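Engineer: What follows is a structure written as structure tokens; I'll ask about it next.
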Amino acid sequence: MDKTKNIDKNNNAYKGFIKGLTTKDAIQTPVFITYIDAHINYGENINGILELLETDNGNWEYDGESIIFNSLNSENKYNTLFNNAIENEYIINKLTKELVEIM
């Protein structure tokens with residue numbers, strides 16, 4: 001900070017830099033917030049799956065590529081959490097590309 005404290009705030013180069021920085025931040029902020037929210041939601045959904053599997057331990061089995069539940073309620077909850085996590089991944093991937101383009 002000491003190196004920039006003597007910069008003339010009326011300097012056109014300084015003003016242009018600040019305007020560009022502010023504009024880029026204004027464009028990135030809504031995308032970045034949604035990106036972070038998608039990461040949080042993804043983690044919550046994965047955590048929900050782990051909690052469900054732990055809570056229902058003994059009431060489900062892993063069959064090669066599938067989890068088979070003894071309870072339709074647990075199966076529906078798992079499917080909802082899993083599908084939400086997949087949607088979060090889609091959003092994260094889409095917004096990653098957008099953030100790279102904005103930068």
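Each chain in the structure tokens gets a letter, A, B and so on, in the order shown; residues start at 1 in every chain, and ligands are counted from 1 in the order they appear.
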If you count only C-alpha atoms, which residues fall within 12 Å of A:Asn57, apart from same-chain ones fewer than 5 positions away, as number ranges by chain?

Structural biologist: A: 49-52, 62, 67-71, 74

Engineer: Please identify all polymer residues within 9 Å of A:Asn84, counting only C-alpha atoms, omitting same-chain residues fewer than 5 positions from it, and present them as a list in words.

Structural biologist: Asn41, Tyr42, Asn45, Asn79 and Glu89 of chain A

Engineer: Need the shell around A:Gly43: protein/DNA/RNA residues with any atom at most 12 Å away, counting only C-alpha atoms. Skip same-chain ones fewer than 4 positions apart. Format as a count of residues only?

Structural biologist: 16

Engineer: By how many Å are atom CA of A:Asn73 and atom CA of A:Ile40 apart?

Structural biologist: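 Taking atom CA of A:Asn73 and atom CA of A:Ile40, their separation equals 24.7 Å.
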
Engineer: Among stretch 36-94 of chain A, which ones does DSSP place in alpha helix (DSSP H), written as a PyMOL selection string?

Structural biologist: chain A and resi 36-55+72-94

Engineer: Could you check which of A:Leu72, A:Ile91, A:Leu99, A:Leu53 is closest to A:Val31, using only C-alpha atoms?

Structural biologist: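 For A:Val31, the nearest of the given residues is A:Leu99.
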